[in-house]
file query-v7.pdb (PDB, C-alpha atoms)
ATOM      1  CA  ALA O 623       2.015 -11.591  83.038
ATOM      2  CA  LEU O 624       0.753 -15.157  82.558
ATOM      3  CA  ASP O 625       4.165 -16.827  82.372
ATOM      4  CA  PHE O 626       4.920 -19.617  84.851
ATOM      5  CA  PRO O 627       5.941 -19.152  87.586
ATOM      6  CA  ASN O 628       4.280 -15.862  88.476
ATOM      7  CA  ASN O 629       3.604 -14.708  92.022
ATOM      8  CA  ASP O 630       1.860 -11.473  91.114
ATOM      9  CA  PRO O 631      -1.910 -12.210  91.092
ATOM     10  CA  LEU O 632      -2.808  -8.545  90.531
ATOM     11  CA  LEU O 633      -0.744  -8.449  87.349
ATOM     12  CA  GLN O 634      -2.396 -11.670  86.209
ATOM     13  CA  MET O 635      -5.828 -10.227  86.976
ATOM     14  CA  THR O 636      -5.102  -7.116  84.894
ATOM     15  CA  ALA O 637      -3.856  -9.222  81.989
ATOM     16  CA  LEU O 638      -6.901 -11.507  82.107
ATOM     17  CA  ASP O 639      -9.274  -8.515  82.063
ATOM     18  CA  ALA O 640      -7.506  -7.071  79.015
ATOM     19  CA  LEU O 641      -7.495 -10.407  77.204
ATOM     20  CA  GLU O 642     -11.188 -10.960  77.904
ATOM     21  CA  GLY O 643     -11.877  -7.637  76.192
ATOM     22  CA  LEU O 644      -9.761  -8.788  73.250
ATOM     23  CA  ALA O 645     -11.864 -11.947  72.947
ATOM     24  CA  ALA O 646     -15.175 -10.080  73.108
ATOM     25  CA  GLU O 647     -17.178  -9.795  69.911
ATOM     26  CA  SER O 648     -20.113  -7.556  69.017
ATOM     27  CA  LYS O 649     -21.758  -5.834  66.054
ATOM     28  CA  ASN O 650     -19.690  -2.717  66.669
ATOM     29  CA  CYS O 651     -16.504  -4.681  67.288
ATOM     30  CA  PRO O 652     -16.444  -7.840  65.137
ATOM     31  CA  MET O 653     -13.704 -10.407  65.551
ATOM     32  CA  THR O 654     -10.741  -9.669  63.267
ATOM     33  CA  ASN O 655      -8.516 -12.310  61.757
ATOM     34  CA  GLU O 656      -5.490 -10.908  63.616
ATOM     35  CA  ARG O 657      -7.208 -11.204  67.005
ATOM     36  CA  ALA O 658      -8.439 -14.707  66.196
ATOM     37  CA  GLU O 659      -4.935 -15.822  65.162
ATOM     38  CA  PHE O 660      -3.524 -14.515  68.447
ATOM     39  CA  LEU O 661      -6.194 -16.034  70.701
ATOM     40  CA  LEU O 662      -6.374 -19.410  68.975
ATOM     41  CA  GLY O 663      -2.714 -19.918  68.144
ATOM     42  CA  ASN O 664      -0.624 -18.368  70.915
ATOM     43  CA  ASP O 665       1.049 -21.234  72.798
ATOM     44  CA  ARG O 666       2.405 -18.921  75.469
ATOM     45  CA  LEU O 667      -1.082 -17.628  76.230
ATOM     46  CA  HIS O 668      -2.572 -21.126  76.307
ATOM     47  CA  ILE O 669       0.109 -22.467  78.661
ATOM     48  CA  GLY O 670      -0.426 -19.565  81.053
ATOM     49  CA  LEU O 671      -4.190 -20.068  81.134
ATOM     50  CA  LEU O 672      -3.901 -23.819  81.591
ATOM     51  CA  TYR O 673      -1.493 -23.219  84.460
ATOM     52  CA  LEU O 674      -4.110 -21.069  86.221
ATOM     53  CA  ILE O 675      -6.846 -23.708  85.909
ATOM     54  CA  GLY O 676      -4.563 -26.482  87.159
ATOM     55  CA  SER O 677      -3.914 -28.275  83.877
ATOM     56  CA  SER O 678      -0.264 -28.116  82.929
ATOM     57  CA  SER O 679       2.903 -30.169  82.878
ATOM     58  CA  GLU O 680       4.002 -28.405  86.079
ATOM     59  CA  ASP O 681       1.454 -30.348  88.176
ATOM     60  CA  VAL O 682      -0.066 -27.242  89.775
ATOM     61  CA  GLU O 683      -3.476 -26.849  91.406
ATOM     62  CA  PHE O 684      -6.376 -24.645  90.354
ATOM     63  CA  ASP O 685      -5.527 -21.023  91.152
ATOM     64  CA  THR O 686      -7.890 -19.827  93.890
ATOM     65  CA  ILE O 687      -7.547 -16.155  92.906
ATOM     66  CA  ASN O 688      -7.522 -16.079  89.107
ATOM     67  CA  GLY O 689      -8.532 -19.623  88.178
ATOM     68  CA  TYR O 690     -12.146 -18.837  87.293
ATOM     69  CA  ALA O 691     -11.143 -15.704  85.381
ATOM     70  CA  ALA O 692      -8.812 -17.882  83.300
ATOM     71  CA  LEU O 693     -11.625 -20.425  82.873
ATOM     72  CA  ARG O 694     -13.935 -17.709  81.530
ATOM     73  CA  LEU O 695     -11.247 -16.514  79.119
ATOM     74  CA  ILE O 696     -10.709 -20.015  77.708
ATOM     75  CA  THR O 697     -14.500 -20.239  77.364
ATOM     76  CA  GLU O 698     -14.438 -17.056  75.253
ATOM     77  CA  ILE O 699     -11.528 -18.409  73.194
ATOM     78  CA  CYS O 700     -13.627 -21.501  72.455
ATOM     79  CA  ARG O 701     -16.386 -19.252  71.140
ATOM     80  CA  VAL O 702     -13.889 -17.423  68.953
ATOM     81  CA  GLY O 703     -12.783 -20.800  67.648
ATOM     82  CA  ILE O 704     -16.337 -21.725  66.659
ATOM     83  CA  SER O 705     -16.804 -18.565  64.609
ATOM     84  CA  SER O 706     -13.280 -18.074  63.277
ATOM     85  CA  SER O 707     -11.488 -21.421  63.007
ATOM     86  CA  ASN O 708     -12.154 -21.630  59.266
ATOM     87  CA  SER O 709     -10.440 -18.287  58.654
ATOM     88  CA  VAL O 710      -7.171 -19.025  60.477
ATOM     89  CA  ILE O 711      -4.148 -20.874  59.155
ATOM     90  CA  LYS O 712      -3.704 -24.612  59.634
ATOM     91  CA  SER O 713      -1.043 -24.347  62.355
ATOM     92  CA  THR O 714      -3.248 -22.003  64.397
ATOM     93  CA  LYS O 715      -6.154 -24.418  64.127
ATOM     94  CA  SER O 716      -3.922 -27.268  65.302
ATOM     95  CA  LYS O 717      -2.835 -25.271  68.375
ATOM     96  CA  PHE O 718      -6.466 -24.485  69.168
ATOM     97  CA  TYR O 719      -7.367 -28.188  69.024
ATOM     98  CA  SER O 720      -4.517 -28.940  71.435
ATOM     99  CA  LEU O 721      -5.948 -26.334  73.815
ATOM    100  CA  LEU O 722      -9.350 -28.037  73.631
ATOM    101  CA  GLU O 723      -7.838 -31.385  74.611
ATOM    102  CA  SER O 724      -6.078 -29.892  77.641
ATOM    103  CA  PHE O 725      -9.181 -27.896  78.556
ATOM    104  CA  GLN O 726     -11.250 -31.070  78.568
ATOM    105  CA  GLU O 727      -8.830 -32.717  80.984
ATOM    106  CA  ALA O 728      -8.901 -29.675  83.275
ATOM    107  CA  LEU O 729     -12.692 -29.613  83.450
ATOM    108  CA  HIS O 730     -12.711 -33.227  84.663
ATOM    109  CA  ALA O 731     -10.772 -32.202  87.747
ATOM    110  CA  LEU O 732     -12.860 -29.103  88.457
ATOM    111  CA  ASN O 733     -15.226 -29.140  91.438
ATOM    112  CA  PRO O 734     -17.293 -25.931  91.306
ATOM    113  CA  ARG O 735     -18.958 -24.706  94.476
ATOM    114  CA  GLY O 736     -21.675 -22.105  94.706
ATOM    115  CA  GLU O 737     -23.840 -20.672  91.975
ATOM    116  CA  SER O 738     -21.229 -18.358  90.447
ATOM    117  CA  GLU O 739     -18.630 -21.097  90.052
ATOM    118  CA  ARG O 740     -21.278 -23.499  88.772
ATOM    119  CA  LEU O 741     -22.372 -21.011  86.091
ATOM    120  CA  SER O 742     -18.776 -20.591  84.925
ATOM    121  CA  TYR O 743     -18.473 -24.370  84.726
ATOM    122  CA  ILE O 744     -21.692 -24.708  82.689
ATOM    123  CA  TYR O 745     -20.588 -22.098  80.149
ATOM    124  CA  ALA O 746     -17.106 -23.620  79.972
ATOM    125  CA  VAL O 747     -18.324 -27.161  79.252
ATOM    126  CA  SER O 748     -20.929 -25.984  76.731
ATOM    127  CA  SER O 749     -18.328 -23.936  74.850
ATOM    128  CA  LEU O 750     -15.920 -26.877  74.864
ATOM    129  CA  VAL O 751     -18.638 -29.217  73.553
ATOM    130  CA  ALA O 752     -19.650 -26.721  70.861
ATOM    131  CA  SER O 753     -16.029 -26.322  69.758
ATOM    132  CA  CYS O 754     -15.400 -30.063  69.618
ATOM    133  CA  ALA O 755     -18.733 -30.715  67.883
ATOM    134  CA  THR O 756     -17.807 -28.394  65.019
ATOM    135  CA  SER O 757     -14.132 -29.384  64.718
ATOM    136  CA  THR O 758     -12.868 -32.816  63.682
ATOM    137  CA  GLU O 759     -14.778 -36.078  63.580
ATOM    138  CA  GLU O 760     -12.373 -37.563  66.120
ATOM    139  CA  MET O 761     -12.922 -34.739  68.625
ATOM    140  CA  SER O 762     -16.692 -34.825  68.092
ATOM    141  CA  LYS O 763     -16.779 -38.540  68.840
ATOM    142  CA  ALA O 764     -14.577 -38.152  71.912
ATOM    143  CA  ILE O 765     -16.715 -35.421  73.486
ATOM    144  CA  LEU O 766     -19.938 -37.380  72.936
ATOM    145  CA  GLN O 767     -18.387 -40.371  74.713
ATOM    146  CA  ASN O 768     -17.349 -38.231  77.678
ATOM    147  CA  THR O 769     -20.452 -38.994  79.729
ATOM    148  CA  THR O 770     -18.906 -37.704  82.957
ATOM    149  CA  LEU O 771     -18.491 -34.225  81.523
ATOM    150  CA  LEU O 772     -21.867 -34.261  79.731
ATOM    151  CA  HIS O 773     -23.723 -35.359  82.872
ATOM    152  CA  GLY O 774     -21.921 -32.742  84.954
ATOM    153  CA  TRP O 775     -23.081 -30.104  82.498
ATOM    154  CA  LEU O 776     -26.647 -31.250  81.795
ATOM    155  CA  SER O 777     -27.872 -32.579  85.132
ATOM    156  CA  LEU O 778     -30.899 -30.682  86.481
ATOM    157  CA  LEU O 779     -31.238 -32.964  89.513
ATOM    158  CA  GLY O 780     -31.277 -31.371  92.947
ATOM    159  CA  ARG O 781     -31.683 -27.847  91.540
ATOM    160  CA  SER O 782     -35.378 -27.247  92.197
ATOM    161  CA  SER O 783     -34.560 -24.023  94.038
ATOM    162  CA  GLN O 784     -31.998 -22.842  91.472
ATOM    163  CA  PRO O 785     -33.981 -21.723  88.403
ATOM    164  CA  LYS O 786     -31.113 -19.510  87.209
ATOM    165  CA  LEU O 787     -28.792 -22.509  86.996
ATOM    166  CA  LYS O 788     -31.434 -24.626  85.276
ATOM    167  CA  SER O 789     -32.003 -21.853  82.756
ATOM    168  CA  ALA O 790     -28.263 -21.580  82.120
ATOM    169  CA  ILE O 791     -27.984 -25.338  81.520
ATOM    170  CA  LEU O 792     -30.916 -25.415  79.101
ATOM    171  CA  SER O 793     -29.970 -22.228  77.249
ATOM    172  CA  SER O 794     -26.357 -23.364  76.862
ATOM    173  CA  LEU O 795     -27.593 -26.664  75.388
ATOM    174  CA  SER O 796     -29.750 -24.770  72.889
ATOM    175  CA  GLN O 797     -26.719 -22.712  71.841
ATOM    176  CA  VAL O 798     -24.819 -25.876  70.989
ATOM    177  CA  ILE O 799     -27.705 -27.631  69.210
ATOM    178  CA  GLU O 800     -28.627 -24.649  67.010
ATOM    179  CA  PRO O 801     -26.214 -21.700  67.303
ATOM    180  CA  SER O 802     -27.995 -19.686  64.594
ATOM    181  CA  ILE O 803     -30.848 -18.697  66.935
ATOM    182  CA  TRP O 804     -28.314 -16.818  69.080
ATOM    183  CA  GLN O 805     -26.447 -15.101  66.252
ATOM    184  CA  ASP O 806     -26.908 -11.370  65.680
ATOM    185  CA  LYS O 807     -24.816 -11.265  62.546
ATOM    186  CA  ASP O 808     -25.876 -12.406  59.091
ATOM    187  CA  ASP O 809     -22.841 -14.626  58.546
ATOM    188  CA  ALA O 810     -23.588 -18.326  58.448
ATOM    189  CA  CYS O 811     -22.474 -19.987  61.682
ATOM    190  CA  LYS O 812     -20.975 -23.438  62.084
ATOM    191  CA  ARG O 813     -23.610 -25.970  63.073
ATOM    192  CA  PRO O 814     -23.049 -29.410  64.563
ATOM    193  CA  SER O 815     -24.309 -32.340  62.527
ATOM    194  CA  ASP O 816     -27.830 -33.711  62.984
ATOM    195  CA  TYR O 817     -26.337 -36.772  64.686
ATOM    196  CA  ILE O 818     -24.456 -34.648  67.236
ATOM    197  CA  SER O 819     -27.499 -32.471  67.951
ATOM    198  CA  LEU O 820     -29.705 -35.498  68.576
ATOM    199  CA  SER O 821     -27.000 -37.158  70.674
ATOM    200  CA  LEU O 822     -26.677 -34.094  72.907
ATOM    201  CA  TYR O 823     -30.453 -33.856  73.280
ATOM    202  CA  HIS O 824     -30.635 -37.488  74.385
ATOM    203  CA  ALA O 825     -27.683 -36.855  76.726
ATOM    204  CA  LEU O 826     -29.949 -34.404  78.569
ATOM    205  CA  GLY O 827     -32.364 -37.230  79.350
ATOM    206  CA  GLU O 828     -29.561 -39.614  80.303
ATOM    207  CA  ALA O 829     -28.148 -37.047  82.729
ATOM    208  CA  ASN O 830     -31.527 -36.788  84.450
ATOM    209  CA  ASN O 831     -32.403 -40.312  85.582
ATOM    210  CA  GLN O 832     -32.510 -41.707  82.037
ATOM    211  CA  LYS O 833     -35.731 -39.821  81.261
ATOM    212  CA  ASP O 834     -37.052 -38.926  77.846
ATOM    213  CA  PRO O 835     -35.352 -35.589  77.044
ATOM    214  CA  THR O 836     -38.614 -34.013  75.862
ATOM    215  CA  GLU O 837     -40.198 -34.963  79.181
ATOM    216  CA  CYS O 838     -37.358 -33.146  80.975
ATOM    217  CA  VAL O 839     -37.689 -30.038  78.828
ATOM    218  CA  LEU O 840     -41.492 -29.859  79.116
ATOM    219  CA  ALA O 841     -41.214 -30.253  82.890
ATOM    220  CA  SER O 842     -39.027 -27.134  82.950
ATOM    221  CA  ALA O 843     -41.374 -25.421  80.480
ATOM    222  CA  LYS O 844     -44.129 -25.806  83.084
ATOM    223  CA  SER O 845     -41.984 -24.470  85.939
ATOM    224  CA  PRO O 846     -43.359 -21.636  88.116
ATOM    225  CA  PHE O 847     -40.042 -19.809  87.578
ATOM    226  CA  VAL O 848     -39.942 -17.733  84.395
ATOM    227  CA  GLU O 849     -36.141 -18.081  84.049
ATOM    228  CA  GLU O 850     -36.411 -21.862  83.885
ATOM    229  CA  ARG O 851     -39.326 -21.720  81.435
ATOM    230  CA  LEU O 852     -37.366 -19.449  79.098
ATOM    231  CA  GLY O 853     -34.426 -21.850  79.183
ATOM    232  CA  ALA O 854     -36.748 -24.698  78.188
ATOM    233  CA  TYR O 855     -38.260 -22.593  75.395
ATOM    234  CA  ASN O 856     -34.765 -21.981  74.030
ATOM    235  CA  VAL O 857     -34.144 -25.731  73.788
ATOM    236  CA  LEU O 858     -37.509 -26.312  72.090
ATOM    237  CA  ARG O 859     -36.816 -23.523  69.613
ATOM    238  CA  ALA O 860     -33.387 -24.981  68.847
ATOM    239  CA  MET O 861     -34.912 -28.417  68.282
ATOM    240  CA  SER O 862     -37.669 -26.911  66.134
ATOM    241  CA  SER O 863     -34.984 -25.329  63.967
ATOM    242  CA  ARG O 864     -33.425 -28.720  63.189
ATOM    243  CA  GLY O 865     -35.450 -30.615  60.622
ATOM    244  CA  CYS O 866     -34.289 -33.964  61.973
ATOM    245  CA  CYS O 867     -35.736 -33.165  65.411
ATOM    246  CA  VAL O 868     -39.135 -31.722  64.489
ATOM    247  CA  ARG O 869     -40.952 -35.022  64.037
ATOM    248  CA  MET O 870     -39.731 -36.260  67.431
ATOM    249  CA  LEU O 871     -41.187 -33.166  69.135
ATOM    250  CA  LEU O 872     -44.508 -33.130  67.313
ATOM    251  CA  LEU O 873     -45.209 -36.814  67.944
ATOM    252  CA  TYR O 874     -44.202 -36.740  71.611
ATOM    253  CA  LYS O 875     -46.637 -38.004  74.219
ATOM    254  CA  GLY O 876     -45.803 -38.627  77.850
ATOM    255  CA  ASP O 877     -46.041 -42.039  79.487
ATOM    256  CA  ASP O 878     -49.622 -41.241  80.462
ATOM    257  CA  GLY O 879     -50.458 -39.928  76.998
ATOM    258  CA  SER O 880     -51.409 -36.520  78.365
ATOM    259  CA  SER O 881     -48.196 -34.518  77.955
ATOM    260  CA  ILE O 882     -48.662 -33.778  74.282
ATOM    261  CA  PHE O 883     -46.176 -31.251  72.928
ATOM    262  CA  VAL O 884     -48.532 -29.563  70.447
ATOM    263  CA  GLU O 885     -51.285 -29.241  73.029
ATOM    264  CA  TRP O 886     -48.864 -27.606  75.463
ATOM    265  CA  LEU O 887     -47.486 -25.287  72.771
ATOM    266  CA  LEU O 888     -50.855 -23.993  71.586
ATOM    267  CA  ASN O 889     -52.291 -23.488  75.055
ATOM    268  CA  GLN O 890     -51.499 -19.837  75.811
ATOM    269  CA  ASP O 891     -52.938 -20.085  79.313
ATOM    270  CA  ASN O 892     -49.723 -21.764  80.467
ATOM    271  CA  GLU O 893     -47.592 -18.648  79.863
ATOM    272  CA  SER O 894     -48.452 -15.282  81.386
ATOM    273  CA  THR O 895     -45.356 -13.181  80.650
ATOM    274  CA  ASN O 896     -44.750 -11.209  77.464
ATOM    275  CA  GLU O 897     -41.220 -12.593  77.241
ATOM    276  CA  GLY O 898     -42.510 -16.133  77.508
ATOM    277  CA  ARG O 899     -45.234 -15.588  74.904
ATOM    278  CA  GLN O 900     -42.639 -14.167  72.520
ATOM    279  CA  ALA O 901     -40.440 -17.219  73.084
ATOM    280  CA  LYS O 902     -43.290 -19.638  72.347
ATOM    281  CA  TYR O 903     -44.145 -17.634  69.230
ATOM    282  CA  LYS O 904     -40.574 -18.139  67.980
ATOM    283  CA  ILE O 905     -40.958 -21.892  68.473
ATOM    284  CA  VAL O 906     -44.020 -21.835  66.219
ATOM    285  CA  GLU O 907     -42.109 -19.722  63.688
ATOM    286  CA  SER O 908     -39.365 -22.316  63.570
ATOM    287  CA  LEU O 909     -41.829 -25.189  63.227
ATOM    288  CA  LEU O 910     -43.567 -23.529  60.270
ATOM    289  CA  ALA O 911     -40.332 -23.069  58.311
ATOM    290  CA  ASP O 912     -40.820 -24.254  54.726
ATOM    291  CA  ASP O 913     -38.287 -27.075  54.973
ATOM    292  CA  ASN O 914     -40.011 -28.678  57.984
ATOM    293  CA  ASN O 915     -43.280 -29.543  56.196
ATOM    294  CA  ILE O 916     -45.200 -30.351  59.395
ATOM    295  CA  GLU O 917     -48.734 -30.273  57.968
ATOM    296  CA  GLY O 918     -48.941 -34.058  57.726
ATOM    297  CA  LEU O 919     -47.712 -34.591  61.271
ATOM    298  CA  ILE O 920     -50.405 -32.692  63.190
ATOM    299  CA  SER O 921     -54.125 -32.171  62.902
ATOM    300  CA  THR O 922     -55.495 -29.644  60.435
ATOM    301  CA  LYS O 923     -56.923 -27.577  63.305
ATOM    302  CA  ALA O 924     -53.561 -27.406  65.052
ATOM    303  CA  PHE O 925     -51.784 -26.462  61.833
ATOM    304  CA  ARG O 926     -54.278 -23.671  61.089
ATOM    305  CA  GLU O 927     -53.988 -22.398  64.647
ATOM    306  CA  MET O 928     -50.226 -22.128  64.234
ATOM    307  CA  GLN O 929     -50.667 -20.239  60.963
ATOM    308  CA  LEU O 930     -53.147 -17.882  62.623
ATOM    309  CA  TRP O 931     -50.723 -17.327  65.509
ATOM    310  CA  ILE O 932     -47.966 -16.327  63.101
ATOM    311  CA  LYS O 933     -50.330 -13.988  61.256
ATOM    312  CA  ARG O 934     -51.583 -12.240  64.411
ATOM    313  CA  GLY O 935     -48.276 -12.138  66.259
ATOM    314  CA  PRO O 936     -47.121 -13.168  69.753
ATOM    315  CA  ALA O 937     -50.143 -11.607  71.482
ATOM    316  CA  HIS O 938     -52.521 -14.105  69.853
ATOM    317  CA  THR O 939     -54.085 -16.479  72.400
ATOM    318  CA  THR O 940     -56.025 -19.701  72.337
ATOM    319  CA  THR O 941     -57.311 -21.926  75.125
ATOM    320  CA  VAL O 942     -58.545 -24.743  72.903
ATOM    321  CA  PRO O 943     -56.746 -28.100  73.492
ATOM    322  CA  TRP O 944     -55.610 -29.542  70.184
ATOM    323  CA  ASP O 945     -54.919 -33.204  69.524
ATOM    324  CA  LEU O 946     -52.387 -34.677  67.178
ATOM    325  CA  ALA O 947     -53.580 -36.304  63.988
ATOM    326  CA  THR O 948     -54.120 -40.025  64.539
ATOM    327  CA  GLU O 949     -53.828 -40.964  60.925
TER     328      GLU O 949
END

call {"tool": "encode", "arguments": {"input": "query-v7.pdb", "output": "structure tokens"}}
result
Amino acid sequence: ALDFPNNDPLLQMTALDALEGLAAESKNCPMTNERAEFLLGNDRLHIGLLYLIGSSSEDVEFDTINGYAALRLITEICRVGISSSNSVIKSTKSKFYSLLESFQEALHALNPRGESERLSYIYAVSSLVASCATSTEEMSKAILQNTTLLHGWLSLLGRSSQPKLKSAILSSLSQVIEPSIWQDKDDACKRPSDYISLSLYHALGEANNQKDPTECVLASAKSPFVEERLGAYNVLRAMSSRGCCVRMLLLYKGDDGSSIFVEWLLNQDNESTNEGRQAKYKIVESLLADDNNIEGLISTKAFREMQLWIKRGPAHTTTVPWDLATE
């Protein structure tokens, strides 16, 4: 159905729907090694999908009917690659890496229009980056140097009236930085290195007028739109789960010295929704992990308040502004 040439878009659509179900993974339907081998190592499948998104040796354009369905399927295959690439044979892994290279080229030529297409693009780039970041050193380096693609993914500029898109951008970044916070299963997931996580976080600032990335995230955390706030909380939780990033967050102050991260975090008046309070609680949980050892980085009062918050649960509130330790 996906062979080139093919002038039956309905047949392609049916095949893409079936393949997307094959790539889906859940607690009740975990990814099997046989499915992973097929999705990651089937050249015929990869060529057909690349043809639909306008990246093939046949010099074809992006398919207006099934192009975005093919894009979503490659996105799902990338996610399968992140979780299953260590369990497949070497030749399958090599074919998957070749798909990633072609996928990267195709995304450069893509010009999404409208919110739906833009969301597909965001998820596609984030999955590509996550796959490259956990593959080879050469591919990791190449994707970090691809500033055009990173800026296209992470730019929040001009989207003040699109909180859903902003949330998608921020949440997708958090999934790449710390995938474990999104995992339902107990199996250990592949994490990018500390260097890659920090590089991607700084890329967020570079994509938004060269700002400090924490400034960008806190600006979204103070948004009137709950979707955007939750996206920002996801990034802060991901950063709080990486030991190398914790100090940078806790010692952050804005240019005016007033945008202190800890003060914002412990002020419960700035979040009115139950979902938002739960998200901020999870940030505190991550910060208080034993391997972070944050007690010497913040004031004793702030540290005790965090401990009390964990003890009492997400519903605990405080309106007292806390300052960072100065010594």

call {"tool": "resolve_selection", "arguments": {"input": "query-v7.pdb", "expression": "the PyMOL selection byres ((chain O and resi 627-640) around 9)", "output": "list of chain:residue names"}}
result
O:Ala623, O:Leu624, O:Asp625, O:Phe626, O:Leu641, O:Glu642, O:Gly643, O:Leu644, O:Ala645, O:Ile687, O:Asn688, O:Ala691, O:Ala692, O:Leu695

call {"tool": "resolve_selection", "arguments": {"input": "query-v7.pdb", "expression": "the PyMOL selection byres ((chain O and resi 739) around 12)", "output": "list in words"}}
result
Thr686, Gly689, Tyr690, Ala691, Leu693, Arg694, Leu732, Asn733, Pro734, Arg735, Gly736, Glu737, Ser738, Arg740, Leu741, Ser742, Tyr743, Ile744, Tyr745, Ala746 and Leu787 of chain O

call {"tool": "closest_residue", "arguments": {"input": "query-v7.pdb", "among": "O:Leu872, O:Leu721, O:Ile704, O:Val682", "to": "His668 (chain O)", "atoms": "only C-alpha atoms"}}
result
O:Leu721

call {"tool": "closest_residue", "arguments": {"input": "query-v7.pdb", "among": "O:Leu826, O:Cys866, O:Ile799, O:Ala924", "to": "Glu885 (chain O)", "atoms": "all atoms listed in the file"}}
result
O:Ala924

call {"tool": "axis_aligned_box", "arguments": {"input": "query-v7.pdb", "around": "region 742-750 of chain O", "padding_each_side": "3 Å", "output": "JSON"}}
result
{"center_x": -18.8, "center_y": -23.9, "center_z": 79.9, "size_x": 11.8, "size_y": 12.6, "size_z": 16.1}

call {"tool": "residues_around", "arguments": {"input": "query-v7.pdb", "residues": "Met761 (chain O)", "least_positions_apart": "4", "cutoff": "12 Å", "atoms": "all atoms listed in the file", "output": "list in words"}}
result
Tyr719, Ser720, Leu722, Glu723, Gln726, Leu750, Val751, Ala752, Ser753, Cys754, Ala755, Thr756, Ser757, Ile765, Leu766, Gln767, Asn768 and Ile818 of chain O

call {"tool": "build_atoms", "arguments": {"input": "query-v7.pdb", "residues": "region 636-648 of chain O", "atoms": "N, CA and C atoms", "output": "PDB file, in the coordinates of the input"}}
result
ATOM      1  N   THR O 636      -5.058  -8.197  85.883  1.00  0.00           N
ATOM      2  CA  THR O 636      -5.102  -7.116  84.894  1.00  0.00           C
ATOM      3  C   THR O 636      -4.970  -7.667  83.481  1.00  0.00           C
ATOM      4  N   ALA O 637      -4.055  -8.619  83.306  1.00  0.00           N
ATOM      5  CA  ALA O 637      -3.856  -9.222  81.989  1.00  0.00           C
ATOM      6  C   ALA O 637      -5.094  -9.989  81.537  1.00  0.00           C
ATOM      7  N   LEU O 638      -5.707 -10.725  82.443  1.00  0.00           N
ATOM      8  CA  LEU O 638      -6.901 -11.507  82.107  1.00  0.00           C
ATOM      9  C   LEU O 638      -8.063 -10.600  81.712  1.00  0.00           C
ATOM     10  N   ASP O 639      -8.222  -9.481  82.412  1.00  0.00           N
ATOM     11  CA  ASP O 639      -9.274  -8.515  82.063  1.00  0.00           C
ATOM     12  C   ASP O 639      -9.061  -7.963  80.656  1.00  0.00           C
ATOM     13  N   ALA O 640      -7.813  -7.617  80.333  1.00  0.00           N
ATOM     14  CA  ALA O 640      -7.506  -7.071  79.015  1.00  0.00           C
ATOM     15  C   ALA O 640      -7.730  -8.109  77.920  1.00  0.00           C
ATOM     16  N   LEU O 641      -7.343  -9.345  78.189  1.00  0.00           N
ATOM     17  CA  LEU O 641      -7.495 -10.407  77.204  1.00  0.00           C
ATOM     18  C   LEU O 641      -8.967 -10.774  76.989  1.00  0.00           C
ATOM     19  N   GLU O 642      -9.754 -10.682  78.055  1.00  0.00           N
ATOM     20  CA  GLU O 642     -11.188 -10.960  77.904  1.00  0.00           C
ATOM     21  C   GLU O 642     -11.840  -9.923  76.996  1.00  0.00           C
ATOM     22  N   GLY O 643     -11.387  -8.670  77.095  1.00  0.00           N
ATOM     23  CA  GLY O 643     -11.877  -7.637  76.192  1.00  0.00           C
ATOM     24  C   GLY O 643     -11.451  -7.906  74.762  1.00  0.00           C
ATOM     25  N   LEU O 644     -10.256  -8.459  74.587  1.00  0.00           N
ATOM     26  CA  LEU O 644      -9.761  -8.788  73.250  1.00  0.00           C
ATOM     27  C   LEU O 644     -10.579  -9.905  72.613  1.00  0.00           C
ATOM     28  N   ALA O 645     -11.095 -10.813  73.453  1.00  0.00           N
ATOM     29  CA  ALA O 645     -11.864 -11.947  72.947  1.00  0.00           C
ATOM     30  C   ALA O 645     -13.335 -11.607  72.717  1.00  0.00           C
ATOM     31  N   ALA O 646     -13.765 -10.467  73.244  1.00  0.00           N
ATOM     32  CA  ALA O 646     -15.175 -10.080  73.108  1.00  0.00           C
ATOM     33  C   ALA O 646     -15.500  -9.748  71.657  1.00  0.00           C
ATOM     34  N   GLU O 647     -16.737 -10.029  71.290  1.00  0.00           N
ATOM     35  CA  GLU O 647     -17.178  -9.795  69.911  1.00  0.00           C
ATOM     36  C   GLU O 647     -18.575  -9.195  69.928  1.00  0.00           C
ATOM     37  N   SER O 648     -18.802  -8.204  69.098  1.00  0.00           N
ATOM     38  CA  SER O 648     -20.113  -7.556  69.017  1.00  0.00           C
ATOM     39  C   SER O 648     -20.302  -6.990  67.615  1.00  0.00           C
TER      40      SER O 648
END
